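K.L.:
To be precise about what I am sending: the file is called final-v6.cif and holds mmCIF, C-alpha atoms.
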```cif
data_entry
#
loop_
_atom_site.group_PDB
_atom_site.id
_atom_site.type_symbol
_atom_site.label_atom_id
_atom_site.label_comp_id
_atom_site.auth_asym_id
_atom_site.auth_seq_id
_atom_site.Cartn_x
_atom_site.Cartn_y
_atom_site.Cartn_z
ATOM 1 C CA MET A 11 -21.695 33.766 3.034
ATOM 2 C CA HIS A 12 -23.491 35.771 0.370
ATOM 3 C CA GLU A 13 -23.746 34.622 -3.225
ATOM 4 C CA GLU A 14 -20.632 35.301 -5.302
ATOM 5 C CA THR A 15 -19.653 34.763 -8.904
ATOM 6 C CA LEU A 16 -16.092 33.489 -9.184
ATOM 7 C CA LEU A 17 -13.664 33.084 -12.055
ATOM 8 C CA ALA A 18 -10.803 30.607 -11.827
ATOM 9 C CA PHE A 19 -7.571 30.428 -13.788
ATOM 10 C CA ASP A 20 -5.315 27.492 -14.549
ATOM 11 C CA TYR A 21 -2.131 29.489 -15.144
ATOM 12 C CA GLY A 22 0.288 28.579 -17.888
ATOM 13 C CA GLU A 23 2.904 30.654 -19.650
ATOM 14 C CA LYS A 24 1.429 29.777 -23.060
ATOM 15 C CA LYS A 25 -2.250 29.556 -22.184
ATOM 16 C CA LEU A 26 -4.725 30.183 -19.396
ATOM 17 C CA GLY A 27 -7.677 27.990 -18.640
ATOM 18 C CA VAL A 28 -10.686 29.886 -17.333
ATOM 19 C CA ALA A 29 -13.704 28.587 -15.430
ATOM 20 C CA ILE A 30 -16.722 30.199 -13.830
ATOM 21 C CA GLY A 31 -18.783 29.273 -10.821
ATOM 22 C CA ASN A 32 -21.245 30.461 -8.243
ATOM 23 C CA SER A 33 -20.839 30.150 -4.485
ATOM 24 C CA LEU A 34 -24.565 29.528 -3.943
ATOM 25 C CA LEU A 35 -24.663 26.457 -6.185
ATOM 26 C CA ARG A 36 -21.012 25.597 -5.484
ATOM 27 C CA GLN A 37 -20.574 24.359 -9.015
ATOM 28 C CA SER A 38 -17.964 25.243 -11.606
ATOM 29 C CA ARG A 39 -17.824 24.906 -15.359
ATOM 30 C CA PRO A 40 -15.182 25.464 -18.034
ATOM 31 C CA LEU A 41 -15.460 28.882 -19.672
ATOM 32 C CA ASP A 42 -12.549 29.729 -21.973
ATOM 33 C CA ILE A 43 -8.927 29.186 -22.908
ATOM 34 C CA ILE A 44 -6.830 32.307 -23.385
ATOM 35 C CA LEU A 45 -4.103 31.685 -25.954
ATOM 36 C CA ASP A 46 -2.791 35.246 -26.230
ATOM 37 C CA LEU A 47 0.960 35.203 -25.705
ATOM 38 C CA THR A 48 1.626 38.870 -25.090
ATOM 39 C CA ARG A 49 1.028 40.211 -21.618
ATOM 40 C CA VAL A 50 -1.011 43.117 -22.973
ATOM 41 C CA ALA A 51 -3.310 40.865 -25.027
ATOM 42 C CA ARG A 52 -3.657 38.365 -22.185
ATOM 43 C CA PHE A 53 -4.714 41.023 -19.666
ATOM 44 C CA ALA A 54 -7.058 42.611 -22.224
ATOM 45 C CA ARG A 55 -8.862 39.250 -22.576
ATOM 46 C CA ILE A 56 -8.965 38.864 -18.805
ATOM 47 C CA ALA A 57 -10.361 42.391 -18.437
ATOM 48 C CA ALA A 58 -13.094 41.570 -20.962
ATOM 49 C CA LEU A 59 -14.039 38.400 -19.042
ATOM 50 C CA LEU A 60 -14.115 40.318 -15.759
ATOM 51 C CA GLU A 61 -16.308 42.998 -17.309
ATOM 52 C CA THR A 62 -18.710 40.396 -18.691
ATOM 53 C CA TRP A 63 -18.989 38.159 -15.628
ATOM 54 C CA LYS A 64 -18.237 40.672 -12.819
ATOM 55 C CA PRO A 65 -16.796 38.152 -10.341
ATOM 56 C CA GLU A 66 -16.474 39.054 -6.680
ATOM 57 C CA ARG A 67 -13.524 36.688 -6.245
ATOM 58 C CA ILE A 68 -10.852 35.032 -8.402
ATOM 59 C CA VAL A 69 -9.262 31.629 -7.825
ATOM 60 C CA VAL A 70 -5.823 30.807 -9.241
ATOM 61 C CA GLY A 71 -4.342 27.320 -9.279
ATOM 62 C CA LEU A 72 -1.059 26.970 -7.367
ATOM 63 C CA ALA A 73 1.480 24.467 -8.696
ATOM 64 C CA LEU A 74 2.519 22.146 -5.888
ATOM 65 C CA GLU A 75 4.586 18.977 -5.734
ATOM 66 C CA SER A 76 3.065 15.687 -4.550
ATOM 67 C CA ASP A 77 4.492 16.342 -1.061
ATOM 68 C CA GLY A 78 2.803 19.774 -0.893
ATOM 69 C CA SER A 79 5.958 21.804 -1.491
ATOM 70 C CA GLU A 80 5.879 24.452 -4.181
ATOM 71 C CA HIS A 81 6.692 23.334 -7.705
ATOM 72 C CA TYR A 82 8.867 25.609 -9.894
ATOM 73 C CA PRO A 83 5.867 27.285 -11.632
ATOM 74 C CA ALA A 84 4.329 28.206 -8.246
ATOM 75 C CA GLY A 85 6.234 31.489 -8.268
ATOM 76 C CA HIS A 86 4.676 32.361 -11.626
ATOM 77 C CA CYS A 87 1.226 31.433 -10.296
ATOM 78 C CA ARG A 88 1.724 33.660 -7.245
ATOM 79 C CA ARG A 89 2.945 36.542 -9.418
ATOM 80 C CA PHE A 90 -0.044 36.175 -11.746
ATOM 81 C CA ALA A 91 -2.402 36.176 -8.732
ATOM 82 C CA ARG A 92 -0.793 39.363 -7.361
ATOM 83 C CA GLN A 93 -1.072 41.010 -10.783
ATOM 84 C CA LEU A 94 -4.781 40.167 -11.013
ATOM 85 C CA GLU A 95 -5.502 41.493 -7.540
ATOM 86 C CA GLY A 96 -3.430 44.633 -8.040
ATOM 87 C CA ARG A 97 -4.689 45.426 -11.522
ATOM 88 C CA PHE A 98 -8.375 44.664 -11.043
ATOM 89 C CA GLY A 99 -8.876 45.071 -7.277
ATOM 90 C CA ILE A 100 -10.663 41.729 -6.931
ATOM 91 C CA PRO A 101 -9.659 39.379 -4.093
ATOM 92 C CA VAL A 102 -7.637 36.379 -5.297
ATOM 93 C CA VAL A 103 -7.395 32.982 -3.603
ATOM 94 C CA LEU A 104 -4.715 30.401 -4.435
ATOM 95 C CA VAL A 105 -5.854 26.759 -4.585
ATOM 96 C CA ASP A 106 -3.800 23.588 -4.923
ATOM 97 C CA GLU A 107 -3.897 22.519 -8.572
ATOM 98 C CA ARG A 108 -2.104 19.177 -8.208
ATOM 99 C CA GLY A 109 -3.411 16.657 -10.700
ATOM 100 C CA SER A 110 -6.049 18.975 -12.146
ATOM 101 C CA SER A 111 -4.723 18.689 -15.711
ATOM 102 C CA VAL A 112 -4.554 14.897 -15.528
ATOM 103 C CA GLN A 113 -8.066 14.807 -14.094
ATOM 104 C CA ALA A 114 -9.288 17.203 -16.819
ATOM 105 C CA GLN A 115 -7.863 14.984 -19.571
ATOM 106 C CA LYS A 116 -10.396 12.331 -18.577
ATOM 107 C CA PHE A 117 -13.099 14.729 -19.820
ATOM 108 C CA THR A 118 -11.319 16.097 -22.874
ATOM 109 C CA GLY A 119 -9.150 13.274 -24.253
ATOM 110 C CA ASN A 120 -6.677 14.849 -26.660
ATOM 111 C CA ASN A 121 -8.523 18.187 -26.736
ATOM 112 C CA PRO A 122 -7.238 21.199 -24.788
ATOM 113 C CA ASP A 123 -7.976 20.654 -21.111
ATOM 114 C CA ASP A 124 -7.012 24.003 -19.584
ATOM 115 C CA ALA A 125 -10.559 25.302 -19.040
ATOM 116 C CA HIS A 126 -11.582 21.944 -17.532
ATOM 117 C CA ALA A 127 -8.532 22.089 -15.235
ATOM 118 C CA ALA A 128 -9.615 25.576 -14.130
ATOM 119 C CA ALA A 129 -13.108 24.191 -13.402
ATOM 120 C CA ILE A 130 -11.566 21.425 -11.277
ATOM 121 C CA ILE A 131 -9.497 23.995 -9.367
ATOM 122 C CA LEU A 132 -12.595 26.110 -8.736
ATOM 123 C CA GLN A 133 -14.577 23.052 -7.667
ATOM 124 C CA ARG A 134 -11.839 22.263 -5.127
ATOM 125 C CA TYR A 135 -12.287 25.775 -3.739
ATOM 126 C CA PHE A 136 -16.056 25.239 -3.408
ATOM 127 C CA ASP A 137 -15.610 21.789 -1.881
ATOM 128 C CA ALA A 138 -13.334 23.257 0.834
ATOM 129 C CA LEU A 139 -15.899 25.867 1.906
ATOM 130 C CA PRO A 140 -17.601 25.240 5.250
#
```
Could you render the structure as structure tokens?
P.N.:
Amino acid sequence: MHEETLLAFDYGEKKLGVAIGNSLLRQSRPLDIILDLTRVARFARIAALLETWKPERIVVGLALESDGSEHYPAGHCRRFARQLEGRFGIPVVLVDERGSSVQAQKFTGNNPDDAHAAAIILQRYFDALP
């Protein structure tokens, strides 16, 4: 596998957590929280991040139940992933996000944890690589 920069998103209807990582180091870190509520503003912020970081791949967290079945928001996550891939032409991978927000709260306490959750999702992607 060649070195890739990746961005990851913890999808939410009100906010998006964003993380960045590198496939060579296989490490992720929180990057940003997008609070823009309108679709146009949200995708403009995403476009700016993509232009700045130029990722070769995007990871989106997929909402699953504890038994592995899809949780209600999973459809929104899938739709968001398709929109990213279609709009920006960058391959998108869905990764199980179960427990990522709870895990992120250990780092952030009462502060917003969305970017940390995105970093956890991206780290799960790296950890699953051969």
K.L.:
I'd like to see the residues matched by the PyMOL selection byres ((chain A and resi 47-55) around 12) on this file, and ideally I'd get them as a PyMOL selection string.
P.N.:
chain A and resi 21-28+42-46+56-62+90+93-94+97-98
K.L.:
Excluding Leu104 in chain A and any residue of its chain fewer than 5 positions from it, enumerate the residues within 6 Å of it, using only C-alpha atoms, and give them as a list in words.
P.N.:
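Answer for this query is Val69, Val70, Gly71 and Leu72 of chain A.
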K.L.:
Could you check how far CA of Ser33 in chain A sits from CA of Glu75 in chain A, in Å to one decimal?
P.N.:
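For CA of Ser33 in chain A relative to CA of Glu75 in chain A, the distance reads 27.8 Å.
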K.L.:
Enter the distance from CA of Lys116 in chain A to CA of Asn32 in chain A, in Å, rounded to one decimal.
P.N.:
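Going from CA of Lys116 in chain A over to CA of Asn32 in chain A covers 23.5 Å.
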K.L.:
Taking into account only C-alpha atoms, which residue in the set A:Gly96, A:Arg88, A:Ala18, A:Trp63 is nearest to Pro40 in chain A?
P.N.:
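That would be A:Ala18, the residue with the smallest distance to Pro40 in chain A.
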K.L.:
Nearest to Ala125 in chain A among A:Leu16, A:Leu41, A:Ile30, A:Ala73, with distances taken over only C-alpha atoms: which residue is it?
P.N.:
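Between A:Leu16, A:Leu41, A:Ile30, A:Ala73, the residue approaching Ala125 in chain A most closely is A:Leu41.
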K.L.:
Pick from A:Leu17, A:Leu139, A:Leu74, A:Ala127: nearest to Asp106 in chain A, with all atoms listed in the file counted?
P.N.:
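Selected residue with least distance to Asp106 in chain A: A:Leu74.
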K.L.:
A:Asp123, A:Ser38, A:Thr15, A:Asp20: which is nearest Phe136 in chain A, counting all atoms listed in the file?
P.N.:
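Ranking A:Asp123, A:Ser38, A:Thr15, A:Asp20 by distance to Phe136 in chain A, first place goes to A:Ser38.
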K.L.:
Quick one: pull the distance between CA of Arg36 in chain A and CA of Pro101 in chain A, Å, one decimal.
P.N.:
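Going from CA of Arg36 in chain A over to CA of Pro101 in chain A covers 17.9 Å.
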